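Here is the structure we will look at.
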Amino acid sequence: KVDFLANGKLIGTAPDAPYSLTWSNVFTGDYQIIARATDKLGATADSTAVTIRVFPPANNQPPVVAFLAPANNASFDAGSSIELWANAQDFDGVVSGVAFYQNGNFVGSAAIPRFSEMWTNVPIGNYTLTAVATDNLGATTESAPLNITVKRPNSRPFVNFAGPLDGTSFTLPTEIGIDITTLDLDGQVVR
């Protein structure tokens with residue numbers, strides 16, 4: 001057999017003569033290719049290396065990018081940590097990184113797939129988030145924007161007895177009126 005290697009990684013094997021290979025879906029870059037022959041007793045020999053360069057198409061296609069999280073119109077409590085996660089692909093090269101922005105301000109970036117960044121201690125506000133993917137030739141694409149709201153955490157309501165007073169005694173038959181006072185600092189008591 002003959003194994004074919006590019007930059008030390010196996011790209012295919014030809015088990016029979018004439019020992020040829022068609023290498024498909026090659027990315028832009030420089031490659032050193034060798035052929036490694038193996039005889040029936042397991043001895044191997046490498047060819048001299050051939051160096052090739054693969055150029056991008058005349059018109060480099062920019063990458064594509066879309067948010068996976070958070071969901072559009074999601075709501076969070078102030079101080080939350082929010083994972084910004086995007087899917088990015090480049091069909092004629094590789095994605096070299098994804099940068100994340102809130103209202104046009106840089107939040108962080110990720111250079112390897114799973115392109116994600118944790119945005120921590122987020123303050124109250126309404127935010128428009130975007131992700132910008134860059135490919136290995138510098139072409140960029142901005143995702144569709146998504147909107148999130150970060151609000152004050154919901155506080156618990158207060159409830160206290162106004163009557164009867166603690167320790168009050170009643171004699172049967174009787175009706176007992178129970179009165180309370182309630183307060184909700186960031187909304188209203190509904191029941």
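Each chain of the structure tokens is named A, B, ... in the order shown, its residues numbered from 1; ligands are numbered from 1 in display order.
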
*Would you list, as an NGL selection string, the residues of segment 4-101 of chain A that end up in strand (DSSP E) under DSSP run on this structure's backbone?*
:A and (4-6 or 9-14 or 29-38 or 44-46 or 50-54 or 64-69 or 74-77 or 82-89 or 95-101)

*asked:* For a quick check of understanding, using only C-alpha atoms, which of A:Leu84, A:Leu165, A:Leu172, A:Val2 has the smallest distance to Leu129 of chain A?
replied: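 Of A:Leu84, A:Leu165, A:Leu172, A:Val2, the one nearest Leu129 of chain A, counting only C-alpha atoms, is A:Leu84.
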
*When you draw a straight line from atom CA of Val65 of chain A to atom CA of Trp119 of chain A, how long is it in Å?*
18.7 Å

*Surrounding residues of Ser81 of chain A excluding itself and chain neighbours under 2 positions, 7 Å, only C-alpha atoms, as a PyMOL selection string*: chain A and resi 79+83+118-122

Find the residues around Ala71 of chain A up to 9 Å (only C-alpha atoms counted), leave out those fewer than 5 positions away in its own chain, and share them as a PDB file with all heavy atoms, in the first residue's frame.
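Writing done, so here's out.pdb:
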```
ATOM      1  N   LEU A 146     -29.643  40.251  17.837  1.00  0.00           N
ATOM      2  CA  LEU A 146     -30.691  39.754  18.717  1.00  0.00           C
ATOM      3  C   LEU A 146     -30.759  40.661  19.926  1.00  0.00           C
ATOM      4  O   LEU A 146     -29.794  41.336  20.263  1.00  0.00           O
ATOM      5  CB  LEU A 146     -30.489  38.287  19.101  1.00  0.00           C
ATOM      6  CG  LEU A 146     -29.294  37.856  19.941  1.00  0.00           C
ATOM      7  CD1 LEU A 146     -29.596  38.008  21.416  1.00  0.00           C
ATOM      8  CD2 LEU A 146     -28.992  36.415  19.653  1.00  0.00           C
ATOM      9  N   ASN A 147     -31.917  40.696  20.537  1.00  0.00           N
ATOM     10  CA  ASN A 147     -32.157  41.606  21.645  1.00  0.00           C
ATOM     11  C   ASN A 147     -32.397  40.838  22.935  1.00  0.00           C
ATOM     12  O   ASN A 147     -33.058  39.800  22.921  1.00  0.00           O
ATOM     13  CB  ASN A 147     -33.371  42.490  21.344  1.00  0.00           C
ATOM     14  CG  ASN A 147     -33.138  43.345  20.121  1.00  0.00           C
ATOM     15  OD1 ASN A 147     -32.209  44.138  20.089  1.00  0.00           O
ATOM     16  ND2 ASN A 147     -33.953  43.169  19.098  1.00  0.00           N
ATOM     17  N   ILE A 148     -31.835  41.356  24.009  1.00  0.00           N
ATOM     18  CA  ILE A 148     -32.092  40.789  25.334  1.00  0.00           C
ATOM     19  C   ILE A 148     -32.386  41.926  26.303  1.00  0.00           C
ATOM     20  O   ILE A 148     -32.008  43.079  26.066  1.00  0.00           O
ATOM     21  CB  ILE A 148     -30.931  39.933  25.863  1.00  0.00           C
ATOM     22  CG1 ILE A 148     -29.683  40.776  26.085  1.00  0.00           C
ATOM     23  CG2 ILE A 148     -30.658  38.744  24.961  1.00  0.00           C
ATOM     24  CD1 ILE A 148     -28.605  40.076  26.886  1.00  0.00           C
TER      25      ILE A 148
END
```

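Minimum atom-to-atom distance to Val95 of chain A, evaluated using only C-alpha atoms, belongs to A:Arg114 out of A:Arg114, A:Arg53, A:Arg191, A:Arg152.
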
*Please identify all polymer residues within 12 Å of Ala37 of chain A, counting only C-alpha atoms, omitting same-chain residues fewer than 4 positions from it, and present them as an NGL selection string.*
:A and (1-5 or 13-17 or 19-20 or 41-48)

*Please indicate the distance in Å from atom CA of Val64 of chain A to atom CA of Ala99 of chain A, rounded to one decimal place.*
13.1 Å

*Which of A:Pro18, A:Gly93, A:Gly167, A:Pro157 sits closest to Thr181 of chain A [using only C-alpha atoms]*: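 Among A:Pro18, A:Gly93, A:Gly167, A:Pro157, it is A:Pro157 that comes nearest to Thr181 of chain A.
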
*For Gln102 of chain A, work out the shell of residues within 7 Å, counting only C-alpha atoms and skipping chain neighbours fewer than 5 positions away, then give it as a list in words.*
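The contact residues come out as Val107, Tyr127, Thr128, Leu129 and Thr130 of chain A.
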
Would you mind exporting the chosen residues as a PDB file, in the first residue's frame, restricted to N, CA, C and O atoms?
```pdb
ATOM      1  N   VAL A 107     -17.416  42.727  23.759  1.00  0.00           N
ATOM      2  CA  VAL A 107     -17.602  41.943  24.985  1.00  0.00           C
ATOM      3  C   VAL A 107     -16.474  40.937  25.148  1.00  0.00           C
ATOM      4  O   VAL A 107     -15.918  40.764  26.225  1.00  0.00           O
ATOM      5  N   TYR A 127     -30.227  45.348  25.520  1.00  0.00           N
ATOM      6  CA  TYR A 127     -29.016  45.157  24.727  1.00  0.00           C
ATOM      7  C   TYR A 127     -29.341  44.546  23.371  1.00  0.00           C
ATOM      8  O   TYR A 127     -30.184  43.660  23.260  1.00  0.00           O
ATOM      9  N   THR A 128     -28.607  45.023  22.356  1.00  0.00           N
ATOM     10  CA  THR A 128     -28.609  44.400  21.036  1.00  0.00           C
ATOM     11  C   THR A 128     -27.261  43.711  20.884  1.00  0.00           C
ATOM     12  O   THR A 128     -26.211  44.358  20.983  1.00  0.00           O
ATOM     13  N   LEU A 129     -27.295  42.403  20.679  1.00  0.00           N
ATOM     14  CA  LEU A 129     -26.070  41.603  20.575  1.00  0.00           C
ATOM     15  C   LEU A 129     -25.790  41.251  19.125  1.00  0.00           C
ATOM     16  O   LEU A 129     -26.712  40.938  18.363  1.00  0.00           O
ATOM     17  N   THR A 130     -24.514  41.275  18.751  1.00  0.00           N
ATOM     18  CA  THR A 130     -24.085  40.813  17.427  1.00  0.00           C
ATOM     19  C   THR A 130     -22.819  39.986  17.587  1.00  0.00           C
ATOM     20  O   THR A 130     -22.065  40.146  18.548  1.00  0.00           O
TER      21      THR A 130
END
```

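You will find atom CA of Gly163 of chain A at 6.8 Å from atom CA of Ile180 of chain A.
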
*Which residues, written as a PyMOL selection string, have at least one atom at most 12 Å from Asn60 of chain A, with only C-alpha atoms counted and residues fewer than 2 positions away on the same chain left out?*
chain A and resi 28+55-58+62-63+90-94+134-140

What does the file look like for those residues with N, CA, C and O atoms, as a short mmCIF file (atom, residue, chain, number, x, y, z; two decimals), in the first residue's frame?
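Result file is again12.cif:
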```cif
data_model
loop_
_atom_site.label_atom_id
_atom_site.label_comp_id
_atom_site.auth_asym_id
_atom_site.auth_seq_id
_atom_site.Cartn_x
_atom_site.Cartn_y
_atom_site.Cartn_z
N THR A 28 -7.33 26.44 2.00
CA THR A 28 -6.25 27.35 1.66
C THR A 28 -5.08 27.13 2.61
O THR A 28 -5.27 26.92 3.79
N PHE A 55 -4.30 28.38 -3.02
CA PHE A 55 -4.79 29.75 -2.88
C PHE A 55 -6.31 29.74 -2.75
O PHE A 55 -6.98 28.84 -3.24
N PRO A 56 -6.85 30.78 -2.13
CA PRO A 56 -8.31 30.88 -2.06
C PRO A 56 -8.86 31.19 -3.44
O PRO A 56 -8.12 31.59 -4.34
N PRO A 57 -10.16 31.02 -3.62
CA PRO A 57 -10.75 31.41 -4.89
C PRO A 57 -10.48 32.89 -5.14
O PRO A 57 -10.22 33.66 -4.22
N ALA A 58 -10.57 33.28 -6.40
CA ALA A 58 -10.31 34.67 -6.76
C ALA A 58 -11.17 35.61 -5.93
O ALA A 58 -10.73 36.68 -5.54
N PRO A 62 -16.93 35.32 2.27
CA PRO A 62 -16.87 35.58 3.72
C PRO A 62 -17.53 34.44 4.49
O PRO A 62 -18.32 33.69 3.94
N PRO A 63 -17.22 34.34 5.77
CA PRO A 63 -17.84 33.29 6.59
C PRO A 63 -19.31 33.61 6.84
O PRO A 63 -19.79 34.69 6.53
N ASP A 90 -16.87 28.70 7.36
CA ASP A 90 -16.32 29.32 6.17
C ASP A 90 -16.16 28.23 5.12
O ASP A 90 -15.47 27.24 5.34
N PHE A 91 -16.83 28.39 3.99
CA PHE A 91 -16.90 27.32 3.00
C PHE A 91 -15.70 27.27 2.07
O PHE A 91 -15.54 26.30 1.33
N ASP A 92 -14.82 28.28 2.09
CA ASP A 92 -13.62 28.22 1.26
C ASP A 92 -12.36 28.50 2.08
O ASP A 92 -11.35 28.93 1.57
N GLY A 93 -12.43 28.24 3.36
CA GLY A 93 -11.29 28.44 4.25
C GLY A 93 -11.68 28.01 5.65
O GLY A 93 -12.44 27.06 5.82
N VAL A 94 -11.18 28.74 6.63
CA VAL A 94 -11.51 28.43 8.02
C VAL A 94 -11.87 29.71 8.75
O VAL A 94 -11.41 30.81 8.39
N THR A 134 -14.64 36.16 11.49
CA THR A 134 -13.54 36.52 10.58
C THR A 134 -12.93 35.24 10.05
O THR A 134 -12.66 34.31 10.81
N ASP A 135 -12.68 35.19 8.72
CA ASP A 135 -12.06 33.99 8.17
C ASP A 135 -10.54 34.16 8.08
O ASP A 135 -10.00 35.21 8.44
N ASN A 136 -9.86 33.12 7.62
CA ASN A 136 -8.41 33.11 7.59
C ASN A 136 -7.82 34.12 6.61
O ASN A 136 -6.61 34.38 6.64
N LEU A 137 -8.65 34.74 5.75
CA LEU A 137 -8.16 35.76 4.83
C LEU A 137 -8.63 37.15 5.22
O LEU A 137 -8.46 38.11 4.47
N GLY A 138 -9.25 37.27 6.39
CA GLY A 138 -9.64 38.57 6.89
C GLY A 138 -11.04 39.03 6.53
O GLY A 138 -11.46 40.11 6.93
N ALA A 139 -11.79 38.22 5.76
CA ALA A 139 -13.17 38.59 5.45
C ALA A 139 -14.03 38.44 6.70
O ALA A 139 -13.84 37.51 7.49
N THR A 140 -14.98 39.36 6.89
CA THR A 140 -15.84 39.32 8.07
C THR A 140 -17.31 39.34 7.69
O THR A 140 -17.68 39.83 6.64
#
```

*Considering only C-alpha atoms, state which residue in the set A:Thr51, A:Phe158, A:Asn7, A:Pro123 is at the smallest distance from Ser80 of chain A.*
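The answer is A:Pro123, which sits nearest to Ser80 of chain A.
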